[in-house]
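Asks: query.txt is the file, holding compact mmCIF, C-alpha atoms and all ligand atoms:
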```
# COMPACT_ATOMS: atom_id res chain seq x y z
CA MET U 1 -36.49 41.45 3.77
CA LYS U 2 -36.89 39.83 7.14
CA ALA U 3 -33.85 40.03 9.43
CA ILE U 4 -32.18 36.65 10.00
CA PRO U 5 -32.15 35.64 13.68
CA ILE U 6 -28.63 35.04 15.04
CA PRO U 7 -29.19 31.37 15.92
CA ASP U 8 -30.34 30.63 12.34
CA GLN U 9 -27.25 32.09 10.69
CA PRO U 10 -24.77 29.17 11.06
CA ALA U 11 -27.27 26.76 9.51
CA LEU U 12 -27.84 29.15 6.61
CA VAL U 13 -24.10 29.43 5.94
CA ARG U 14 -23.73 25.64 6.15
CA ARG U 15 -26.65 25.02 3.78
CA LEU U 16 -25.32 27.45 1.18
CA THR U 17 -21.80 26.04 1.51
CA GLN U 18 -23.19 22.57 0.83
CA ALA U 19 -25.23 23.93 -2.07
CA CYS U 20 -21.97 25.02 -3.68
CA GLY U 21 -21.02 21.35 -4.09
CA GLY U 22 -17.62 20.51 -5.54
CA ALA U 23 -16.14 19.66 -2.16
CA TYR U 24 -13.48 17.00 -1.75
CA THR U 25 -13.58 14.52 1.10
CA PRO U 26 -11.12 14.83 4.01
CA GLU U 27 -9.39 11.68 2.69
CA GLN U 28 -8.91 13.22 -0.75
CA ARG U 29 -7.62 16.44 0.80
CA ARG U 30 -5.13 14.55 2.94
CA ARG U 31 -3.41 13.14 -0.16
CA TYR U 32 -1.86 16.55 -0.83
CA PHE U 33 1.03 18.08 1.10
CA ILE U 34 -1.23 20.91 2.24
CA THR U 35 -0.16 22.61 5.44
CA GLY U 36 -2.22 24.85 7.69
CA PRO U 37 -0.56 27.54 9.81
CA GLN U 38 -1.60 28.07 13.41
CA TRP U 39 -1.50 31.83 12.83
CA ALA U 40 -3.82 31.71 9.81
CA ALA U 41 -6.66 29.93 11.60
CA ALA U 42 -6.09 31.92 14.79
CA TYR U 43 -5.95 35.29 13.02
CA GLU U 44 -8.45 37.54 14.76
CA GLY U 45 -9.12 39.89 11.86
CA HIS U 46 -7.11 42.76 13.26
CA ALA U 47 -4.73 45.12 11.42
CA LEU U 48 -3.27 48.57 11.79
CA PHE U 49 -6.66 50.17 11.17
CA HIS U 50 -8.86 47.28 12.28
CA ALA U 51 -9.99 45.96 15.63
CA PRO U 52 -10.30 42.17 15.89
CA THR U 53 -13.56 40.59 14.76
CA ARG U 54 -12.88 37.06 16.01
CA LYS U 55 -12.04 35.42 19.31
CA PRO U 56 -8.59 33.86 19.91
CA VAL U 57 -8.32 30.16 19.01
CA ALA U 58 -5.89 27.84 20.78
CA PHE U 59 -3.75 25.23 19.04
CA GLU U 60 -5.90 22.36 20.34
CA GLU U 61 -8.88 23.62 18.39
CA VAL U 62 -6.92 24.55 15.27
CA ILE U 63 -5.34 21.10 15.12
CA ARG U 64 -8.65 19.33 15.77
CA ARG U 65 -10.47 21.29 13.07
CA TYR U 66 -7.63 20.89 10.55
CA GLY U 67 -7.82 17.15 11.20
CA GLU U 68 -11.57 17.14 10.54
CA ILE U 69 -11.24 19.17 7.35
CA GLY U 70 -8.47 16.91 6.04
CA ILE U 71 -5.56 19.36 6.28
CA GLY U 72 -2.90 16.81 7.12
CA TRP U 73 -0.14 19.15 8.29
CA TRP U 74 0.16 22.02 10.76
CA CYS U 75 2.85 24.67 11.23
CA THR U 76 3.49 27.43 13.73
CA HIS U 77 5.61 30.29 14.96
CA ASP U 78 7.22 29.61 18.33
CA THR U 79 5.21 32.41 19.94
CA ASP U 80 1.89 31.41 18.34
CA VAL U 81 1.86 28.61 20.88
CA ILE U 82 4.38 29.55 23.57
CA PRO U 83 3.99 32.79 25.53
CA TYR U 84 7.13 34.88 25.92
CA SER U 85 7.17 34.12 29.63
CA ALA U 86 7.56 30.40 28.91
CA LEU U 87 10.12 30.60 26.10
CA LEU U 88 13.54 28.98 26.42
CA GLY U 89 12.72 27.21 29.67
CA ASP U 90 11.18 23.97 30.88
CA GLU U 91 7.68 25.34 30.59
CA GLN U 92 7.91 25.52 26.79
CA TRP U 93 8.74 21.82 26.54
CA ALA U 94 5.59 20.97 28.48
CA ILE U 95 3.59 22.93 25.88
CA VAL U 96 5.43 21.22 23.04
CA GLU U 97 4.49 17.89 24.57
CA ARG U 98 0.83 18.92 24.67
CA ILE U 99 1.06 19.96 21.02
CA GLY U 100 2.53 16.55 20.15
CA LYS U 101 -0.40 14.85 21.86
CA SER U 102 -2.96 17.00 20.05
CA LEU U 103 -1.34 16.26 16.71
CA ALA U 104 -1.30 12.52 17.37
CA GLU U 105 -4.89 12.53 18.59
CA HIS U 106 -6.20 14.23 15.44
CA GLY U 107 -3.97 12.57 12.86
CA VAL U 108 -2.20 15.80 11.92
CA ARG U 109 1.58 16.18 11.55
CA CYS U 110 3.83 19.16 12.12
CA SER U 111 5.46 20.21 8.84
CA MET U 112 7.25 23.42 9.71
CA VAL U 113 8.28 25.72 12.54
CA THR U 114 9.20 29.39 12.31
CA THR U 115 10.53 31.96 14.74
CA GLU U 116 8.72 35.21 15.42
CA THR U 117 11.48 37.80 15.12
CA PHE U 118 9.29 40.74 14.17
CA HIS U 119 6.50 41.31 16.73
CA HIS U 120 8.05 41.65 20.16
CA ALA U 121 9.64 44.96 21.17
CA VAL U 122 13.04 43.27 21.52
CA PHE U 123 13.12 43.11 17.70
CA ALA U 124 12.29 46.81 17.24
CA ALA U 125 15.61 47.25 15.40
CA SER U 126 15.30 43.79 13.75
CA PRO U 127 16.82 40.44 14.81
CA ALA U 128 20.12 41.68 13.30
CA ALA U 129 20.22 44.91 15.30
CA GLU U 130 23.47 46.66 16.23
CA SER U 131 23.17 45.41 19.79
CA PRO U 132 25.07 42.12 20.19
CA GLN U 133 22.69 41.21 23.02
CA VAL U 134 19.69 41.35 20.67
CA ARG U 135 21.50 39.27 18.07
CA GLU U 136 22.58 36.70 20.61
CA TYR U 137 18.99 36.43 21.86
CA ALA U 138 17.69 36.11 18.27
CA ALA U 139 20.18 33.30 17.59
CA ARG U 140 19.05 31.46 20.74
CA ARG U 141 15.47 31.76 19.63
CA LEU U 142 16.26 30.39 16.18
CA VAL U 143 18.11 27.38 17.56
CA ASN U 144 15.34 26.86 20.09
CA THR U 145 12.76 26.78 17.29
CA VAL U 146 14.85 24.22 15.41
CA GLU U 147 14.78 22.05 18.53
CA MET U 148 10.99 22.48 18.74
CA GLY U 149 10.86 21.37 15.12
CA HIS U 150 12.83 18.19 15.85
CA LYS U 151 10.66 17.37 18.84
CA LEU U 152 7.49 17.83 16.77
CA GLY U 153 8.79 15.93 13.74
CA ALA U 154 8.99 18.93 11.38
CA GLN U 155 10.93 18.85 8.13
CA PHE U 156 11.14 22.61 7.50
CA ALA U 157 12.04 25.84 9.26
CA VAL U 158 10.97 29.17 7.76
CA TYR U 159 12.53 32.61 8.24
CA TRP U 160 10.69 35.77 7.32
CA PRO U 161 13.02 38.76 7.90
CA GLY U 162 10.32 41.40 7.46
CA SER U 163 11.85 43.70 10.04
CA LEU U 164 15.34 43.45 8.53
CA GLY U 165 15.61 46.96 7.21
CA TYR U 166 14.98 50.49 8.38
CA GLN U 167 12.45 53.27 8.75
CA VAL U 168 14.88 56.19 8.50
CA GLN U 169 17.85 56.42 6.19
CA GLY U 170 21.47 56.40 7.23
CA ALA U 171 21.07 54.67 10.58
CA VAL U 172 21.59 51.14 9.29
CA GLU U 173 24.65 50.00 7.37
CA GLU U 174 23.29 47.42 4.99
CA THR U 175 26.34 45.17 4.47
CA GLU U 176 26.97 44.92 8.21
CA THR U 177 23.30 44.12 8.88
CA LEU U 178 23.30 41.39 6.23
CA ARG U 179 26.41 39.86 7.82
CA TRP U 180 24.72 39.88 11.20
CA TYR U 181 21.60 38.35 9.73
CA ALA U 182 23.74 35.60 8.17
CA ASP U 183 25.29 34.98 11.61
CA GLY U 184 21.80 34.21 12.95
CA LEU U 185 21.10 31.73 10.15
CA ASN U 186 24.54 30.20 10.63
CA ALA U 187 23.73 29.66 14.30
CA ALA U 188 20.43 27.98 13.31
CA CYS U 189 22.14 25.68 10.81
CA GLU U 190 25.03 24.78 13.13
CA GLY U 191 22.54 24.22 15.93
CA ASP U 192 20.55 21.99 13.62
CA LEU U 193 23.60 19.91 12.73
CA ALA U 194 24.05 19.14 16.43
CA LEU U 195 20.33 18.71 17.16
CA SER U 196 19.73 16.41 14.22
CA LYS U 197 22.37 14.08 15.73
CA LYS U 198 20.79 14.37 19.17
CA TYR U 199 17.33 13.49 17.83
CA ASN U 200 18.63 11.08 15.19
CA ARG U 201 16.78 12.85 12.40
CA PRO U 202 17.79 14.54 9.15
CA THR U 203 18.50 18.27 9.42
CA LEU U 204 15.60 20.60 8.69
CA LYS U 205 15.29 22.44 5.40
CA HIS U 206 15.83 26.10 6.27
CA CYS U 207 13.71 28.30 4.01
CA LEU U 208 13.88 32.08 3.59
CA GLU U 209 10.69 33.98 2.84
CA ALA U 210 10.79 37.43 1.24
CA LYS U 211 8.20 40.19 1.38
CA PRO U 212 8.83 43.50 -0.40
CA PHE U 213 7.01 45.85 2.01
CA GLU U 214 5.96 45.75 5.68
CA PRO U 215 6.76 46.07 8.47
CA ALA U 216 10.12 47.79 7.84
CA ALA U 217 9.82 50.72 5.44
CA GLU U 218 12.84 49.57 3.46
CA ILE U 219 13.67 45.89 3.49
CA LEU U 220 17.15 44.48 2.89
CA LEU U 221 16.02 41.18 1.37
CA PRO U 222 12.76 42.16 -0.32
CA THR U 223 12.37 39.45 -2.98
CA SER U 224 13.07 35.78 -3.52
CA ASP U 225 15.75 36.80 -6.02
CA ALA U 226 17.50 38.91 -3.39
CA MET U 227 17.46 35.86 -1.16
CA LEU U 228 18.94 33.62 -3.84
CA ALA U 229 21.81 36.10 -4.13
CA PHE U 230 22.15 36.16 -0.34
CA ILE U 231 22.28 32.35 -0.13
CA SER U 232 25.16 32.27 -2.59
CA SER U 233 26.88 35.41 -1.25
CA GLY U 234 29.46 33.49 0.78
CA LEU U 235 28.02 34.80 4.05
CA LEU U 236 26.29 31.52 4.88
CA LYS U 237 28.36 28.69 6.32
CA HIS U 238 25.92 26.07 5.05
CA PRO U 239 24.27 27.41 1.90
CA GLU U 240 23.26 23.85 1.01
CA MET U 241 20.96 23.80 4.08
CA VAL U 242 19.19 27.02 3.08
CA GLY U 243 16.53 27.40 0.38
CA LEU U 244 13.39 29.40 -0.24
CA ASN U 245 9.80 29.65 0.89
CA PRO U 246 8.40 32.03 -1.72
CA GLU U 247 4.93 33.37 -1.06
CA TYR U 248 2.71 33.85 -4.11
CA LEU U 249 1.41 37.25 -3.01
CA HIS U 250 4.78 38.57 -1.88
CA GLU U 251 6.15 38.18 -5.42
CA LEU U 252 3.03 39.78 -6.87
CA MET U 253 3.24 42.68 -4.41
CA TRP U 254 6.45 44.08 -5.90
CA GLY U 255 5.02 43.75 -9.40
CA GLY U 256 6.75 40.50 -10.27
CA ALA U 257 5.30 37.46 -11.99
CA PRO U 258 5.05 34.77 -9.28
CA ARG U 259 5.45 32.00 -11.83
CA ALA U 260 8.72 33.50 -13.08
CA ALA U 261 9.99 33.96 -9.50
CA LEU U 262 9.21 30.30 -8.81
CA ALA U 263 10.98 29.30 -12.01
CA ARG U 264 14.13 31.15 -10.91
CA ALA U 265 14.02 29.33 -7.57
CA LEU U 266 13.48 26.02 -9.37
CA VAL U 267 16.50 26.39 -11.63
CA CYS U 268 18.62 27.14 -8.55
CA GLY U 269 17.28 23.99 -6.85
CA LYS U 270 15.96 26.15 -4.01
CA LEU U 271 12.18 25.87 -4.28
CA TRP U 272 11.58 23.93 -1.06
CA HIS U 273 8.40 25.35 0.46
CA PHE U 274 5.59 27.49 -0.97
CA ASP U 275 3.12 29.84 0.75
CA ILE U 276 -0.11 29.84 -1.22
CA ASN U 277 -2.55 32.73 -1.23
CA ASP U 278 -3.70 35.54 -3.49
CA GLY U 279 -3.96 39.32 -3.69
CA TYR U 280 -3.16 42.33 -5.83
CA ARG U 281 -0.07 43.91 -7.39
CA LEU U 282 1.60 46.83 -5.62
CA LYS U 283 -0.73 46.71 -2.61
CA HIS U 284 -0.14 45.63 0.96
CA ASP U 285 -0.06 42.04 2.21
CA VAL U 286 -3.79 41.25 2.01
CA ASP U 287 -3.24 37.47 2.12
CA ILE U 288 -6.49 36.52 0.37
CA ALA U 289 -7.18 32.82 -0.06
CA VAL U 290 -5.72 30.99 -3.05
CA GLY U 291 -7.42 31.50 -6.40
CA LEU U 292 -9.93 34.17 -5.36
CA VAL U 293 -8.20 36.98 -7.26
CA ASN U 294 -5.98 35.46 -9.96
CA PRO U 295 -7.27 31.95 -10.75
CA LEU U 296 -5.83 31.85 -14.27
CA ASP U 297 -2.41 32.90 -13.02
CA TRP U 298 -2.68 30.28 -10.30
CA LEU U 299 -3.49 27.62 -12.85
CA ASN U 300 -0.33 28.56 -14.71
CA VAL U 301 1.74 28.49 -11.52
CA LEU U 302 0.56 24.97 -10.78
CA VAL U 303 1.26 23.83 -14.33
CA LEU U 304 4.86 24.91 -13.79
CA LEU U 305 5.12 23.17 -10.41
CA ARG U 306 3.44 19.96 -11.60
CA SER U 307 5.63 19.76 -14.66
CA HIS U 308 8.76 20.12 -12.49
CA GLY U 309 7.69 17.53 -9.93
CA TYR U 310 7.58 20.02 -7.03
CA ASN U 311 6.80 17.90 -3.97
CA GLY U 312 7.19 20.34 -1.08
CA PRO U 313 4.44 21.78 1.10
CA PHE U 314 1.65 24.04 -0.09
CA ASN U 315 1.20 26.24 2.93
CA LEU U 316 -2.16 27.99 3.32
CA ASP U 317 -0.64 31.28 4.45
CA TYR U 318 -3.69 33.47 4.11
CA LYS U 319 -5.91 35.46 6.40
CA PRO U 320 -9.59 34.63 6.50
CA PRO U 321 -11.31 38.00 5.94
CA ARG U 322 -12.54 40.05 8.90
CA THR U 323 -16.08 39.41 7.70
CA THR U 324 -15.72 35.68 8.31
CA SER U 325 -16.74 34.46 11.77
CA ASN U 326 -14.82 32.08 14.05
CA GLU U 327 -17.14 29.32 12.87
CA GLY U 328 -16.83 30.46 9.26
CA VAL U 329 -13.03 30.08 9.39
CA PHE U 330 -13.41 26.32 9.76
CA GLU U 331 -16.74 25.81 7.97
CA VAL U 332 -16.05 27.91 4.88
CA SER U 333 -12.64 29.55 4.74
CA PHE U 334 -10.26 26.59 5.08
CA PRO U 335 -12.27 23.87 3.31
CA THR U 336 -13.01 26.08 0.30
CA ALA U 337 -9.38 27.23 0.05
CA VAL U 338 -8.19 23.62 0.06
CA ASP U 339 -10.80 22.60 -2.51
CA ARG U 340 -9.92 25.45 -4.87
CA PHE U 341 -6.28 24.46 -4.61
CA ILE U 342 -7.07 20.82 -5.44
CA SER U 343 -9.32 21.82 -8.35
CA LEU U 344 -6.58 24.03 -9.76
CA TRP U 345 -4.00 21.27 -9.25
CA GLU U 346 -6.18 18.80 -11.14
CA MET U 347 -6.80 21.32 -13.90
CA ALA U 348 -3.03 21.81 -14.14
CA GLY U 349 -2.80 18.06 -14.75
CA GLU U 350 -5.37 18.40 -17.54
CA VAL U 351 -3.36 21.25 -19.08
CA LEU U 352 -0.25 19.07 -19.17
CA GLU U 353 -2.17 16.27 -20.90
CA ASP U 354 -4.24 18.47 -23.20
CA PRO U 355 -3.75 17.38 -26.85
CA VAL U 356 -4.23 20.89 -28.25
CA ILE U 357 -1.66 22.46 -25.94
CA ARG U 358 0.74 19.57 -26.42
CA GLU U 359 0.62 19.72 -30.19
CA ALA U 360 0.86 23.50 -30.22
CA ALA U 361 3.84 23.51 -27.81
CA SER U 362 5.72 20.87 -29.73
CA ALA U 363 5.06 22.58 -33.08
CA LEU U 364 6.49 25.80 -31.61
CA LYS U 365 9.54 23.91 -30.40
CA ALA U 366 10.05 22.29 -33.81
CA GLY U 367 10.05 25.77 -35.37
CA GLY U 368 9.34 26.62 -39.01
CA GLU U 369 11.32 25.38 -41.97
CA VAL U 370 13.85 28.06 -42.94
CA ARG U 371 15.84 28.19 -46.16
CA ASP U 372 18.27 30.95 -45.24
CA ARG U 373 19.28 30.55 -41.58
CA ALA U 374 21.45 33.67 -41.60
CA THR U 375 18.68 36.10 -42.48
CA ALA U 376 16.45 37.51 -39.76
CA ASP U 377 13.52 38.24 -42.10
CA ALA U 378 13.58 34.73 -43.51
CA ILE U 379 13.68 33.18 -40.04
CA PHE U 380 10.75 35.32 -38.92
CA GLU U 381 8.71 34.54 -42.05
CA ALA U 382 9.23 30.83 -41.41
CA GLN U 383 7.69 31.06 -37.89
CA LYS U 384 5.07 33.72 -38.46
CA GLU U 385 2.04 31.44 -38.71
CA LEU U 386 3.22 29.13 -35.94
CA LEU U 387 3.53 32.00 -33.48
CA THR U 388 -0.25 32.53 -33.55
CA LEU U 389 -0.30 29.42 -31.36
CA HIS U 390 0.86 31.49 -28.36
CA GLU U 391 -2.53 33.18 -28.24
CA LEU U 392 -4.34 29.92 -28.93
CA ILE U 393 -2.59 28.29 -25.95
CA ALA U 394 -3.74 31.15 -23.71
CA HIS U 395 -7.31 30.69 -24.97
CA ARG U 396 -7.12 26.96 -24.38
CA LEU U 397 -5.97 27.54 -20.78
CA PHE U 398 -9.01 29.74 -20.23
CA GLN U 399 -11.25 27.06 -21.76
CA ILE U 400 -9.81 24.43 -19.43
CA MET U 401 -10.35 26.73 -16.49
CA ILE U 402 -14.04 27.26 -17.20
CA GLY U 403 -14.69 23.75 -18.50
CA ALA U 404 -15.29 24.84 -22.14
CA HIS U 405 -12.92 22.08 -23.31
CA ARG U 406 -15.53 19.66 -22.03
CA GLY U 407 -18.32 21.31 -23.94
CA ARG U 408 -19.46 23.92 -21.45
CA SER U 409 -20.89 26.90 -23.30
CA PHE U 410 -22.97 29.93 -22.41
CA ASN U 411 -25.90 30.06 -24.81
CA ILE U 412 -28.57 31.41 -22.55
C1 LIG U 501 3.85 36.78 8.70
C2 LIG U 501 4.15 36.90 7.24
C3 LIG U 501 3.92 35.61 6.55
C4 LIG U 501 4.98 34.63 6.94
C5 LIG U 501 4.88 34.21 8.36
C6 LIG U 501 6.06 33.35 8.70
S1 LIG U 501 4.75 35.53 9.44
O1 LIG U 501 2.48 36.52 8.88
O2 LIG U 501 3.33 37.93 6.66
O3 LIG U 501 3.91 35.76 5.17
O4 LIG U 501 4.84 33.48 6.15
O5 LIG U 501 6.88 33.89 9.64
MN MN U 502 4.01 33.82 4.12
MN MN U 503 1.63 37.55 2.88
```
Represent the structure of the file as structure tokens.
Replies:
Amino acid sequence: MKAIPIPDQPALVRRLTQACGGAYTPEQRRRYFITGPQWAAAYEGHALFHAPTRKPVAFEEVIRRYGEIGIGWWCTHDTDVIPYSALLGDEQWAIVERIGKSLAEHGVRCSMVTTETFHHAVFAASPAAESPQVREYAARRLVNTVEMGHKLGAQFAVYWPGSLGYQVQGAVEETETLRWYADGLNAACEGDLALSKKYNRPTLKHCLEAKPFEPAAEILLPTSDAMLAFISSGLLKHPEMVGLNPEYLHELMWGGAPRAALARALVCGKLWHFDINDGYRLKHDVDIAVGLVNPLDWLNVLVLLRSHGYNGPFNLDYKPPRTTSNEGVFEVSFPTAVDRFISLWEMAGEVLEDPVIREAASALKAGGEVRDRATADAIFEAQKELLTLHELIAHRLFQIMIGAHRGRSFNI
């Protein structure tokens, strides 16, 4: 095989991407509440054991390229765009103004803001550390991010307390730490109540995001369920302002079923924001793009969300692989992730309308005719044949996913 010259490689990737077909137009993509994080596009491919493989990308370029792709919304951590030296002073507002201009210029809107409370050394013992100075600083940062959100027109704020926990046992008293963490959220919500008046806007929706492992060894709020309990614990002054941002992979990571975790959030009325990606059970946070590992599970997740009228953001919180180039991030990674999401969303619509699934589901709900309603054996006998439909529904979902319901078959 002849080696491919470097200058020929982008054209090759572009040609093969186009050969894949099945792409939606930017206008079609913009119809969905799909949000693109600054940190996802700017991720340089680094990790604990990996050096970066890509160059840094500034917000101007991320916003411009999202606009071109048709990703209508952008979100960011405070420190993705504002260096520590500029935080909490006039300089940050000048940057926020530049961001506002970029967004307007490229027809992209800011959906969400989030505070980095896990990377800087000041948060070595978490944002709810024993030191009151650390906690006071964390609270200022949270309120500051809420203000950024109002200035940029965001509707959501996200909180990922990944460093809320410990490495060594016995040093951290869990109930005290949870109280301190609640104090930070209370400051953000109270700050928001004042800021929303100042900016004449509704308050933001404050969304907690759980992750079971990393970076703390033991995490105090490791799952969405733990967060639901925390929201209703009585520690929050405004529990009605606080909901969830579950991440698909984070629920899978602890061995849970993401669809069931989402269902529990839905019945609590707390499913407000959703980080979409993919990965593997009981592994670290690989943040693979949506649908590349578990497409059938994803289809089922979207059936649930469509049938419940979920209308919050679908946030592309994934990391383009280290093997993807800077150019590839915008030429391949983001457009294909968006298109897979839309395909799965449309398929979920087909599932909900499918006559076979509909008839099977309603027959199951009607149940079998039973003569003796007090006898377990008789009740079981009356349903026995109907229950075979469970497996048929699963088969039908697979058929819809591969297009077999439209006559696609593999005869070659
Ligand atoms: C971090 C985390 C993500 C969260 C981000 C929001 S930060 O990358 O792993 O899942 O959504 O703070
Ligand atoms: Mn996430
Ligand atoms: Mn993740």
Asks: Using atom CA of U:Thr175 and atom CA of U:Leu271 as the two end points, give the distance in Å to one decimal.
Replies: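 About the pair atom CA of U:Thr175 and atom CA of U:Leu271: they are 25.5 Å apart.
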Asks: To check your reading of the model: which residues sit at most 9 Å from ligand MN 502 (chain U) when counting all atoms listed in the file? Write the answer as an MDAnalysis selection string.
Replies: chainID U and resid 160 209:211 245:250 274:277 287 315:318
Asks: Between U:Cys75, U:Ala138, U:Ile34, U:Leu185, which has the minimum distance to U:Pro239 (counting all atoms listed in the file)?
Replies: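 That would be U:Leu185, the residue with the smallest distance to U:Pro239.
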Asks: Taking only C-alpha atoms and all ligand atoms into account, name the residue in U:Ile342, U:Met401, U:Cys189, U:Leu142 that is nearest to ligand LIG 501 (chain U).
Replies: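 Of U:Ile342, U:Met401, U:Cys189, U:Leu142, the one nearest ligand LIG 501 (chain U), counting only C-alpha atoms and all ligand atoms, is U:Leu142.
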Asks: Out of U:Leu152, U:Val158, U:Ile95, U:Val303, which residue has the shortest atom-to-atom distance to U:His77 when counting only C-alpha atoms?
Replies: U:Val158
Asks: Take atom CA of U:Ala51 and atom O5 of ligand LIG 501 (chain U) and report the distance between them in Å, one decimal.
Replies: 21.6 Å
Asks: Which residues come within 12 Å of stretch 40-50 of chain U, counting all atoms listed in the file, excluding same-chain residues fewer than 5 positions away, as a PyMOL selection string?
Replies: chain U and resi 35+55-66+71+74-77+80-81+214-215+275-277+284-289+315-335
Asks: Go ahead and compute the interatomic distance for atom CA of U:Leu204 and atom CA of U:Gly256, in Å to one decimal.
Replies: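 Between atom CA of U:Leu204 and atom CA of U:Gly256 the gap works out to 28.9 Å.
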Asks: Which of these, U:Phe380, U:Trp73, U:Phe213, U:Phe33, has the shortest distance to ligand MN 503 (chain U) once you count all atoms listed in the file?
Replies: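 Of the candidates, the smallest distance to ligand MN 503 (chain U) is held by U:Phe213.
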Asks: Residues near U:Ile357, anyone? I mean within 8 Å using only C-alpha atoms, not counting same-chain ones fewer than 5 positions away, as a ChimeraX atom specification.
Replies: /U:351-352,393,396
Asks: Nearest residue to ligand LIG 501 (chain U) out of U:Asp78, U:Glu147, U:Asp339, U:Asp90, using only C-alpha atoms and all ligand atoms?
Replies: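 Going through U:Asp78, U:Glu147, U:Asp339, U:Asp90 one by one, the smallest distance to ligand LIG 501 (chain U) is for U:Asp78.
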Asks: With a distance cut-off of 12 Å and only C-alpha atoms, select the neighbouring residues of U:Ala363, excluding the residue or stretch itself and same-chain residues fewer than 3 positions from it, and output the selection as number ranges by chain.
Replies: U: 355-360, 366-369, 383, 385-390, 393
Asks: Residues at most 9 Å from U:Glu218, counting only C-alpha atoms, excluding those fewer than 4 positions away in the same chain, as a PyMOL selection string?
Replies: chain U and resi 163-169+212-214+222
Asks: Quick one: of U:Lys151, U:His405, U:Arg54, U:His238, who's nearest to U:Asn200, counting all atoms listed in the file?
Replies: U:Lys151
Asks: Quick one: residues within 7 Å of stretch 370-373 of chain U, all atoms listed in the file, excluding same-chain residues fewer than 5 positions away - as an NGL selection string?
Replies: :U and (378-379 or 382)
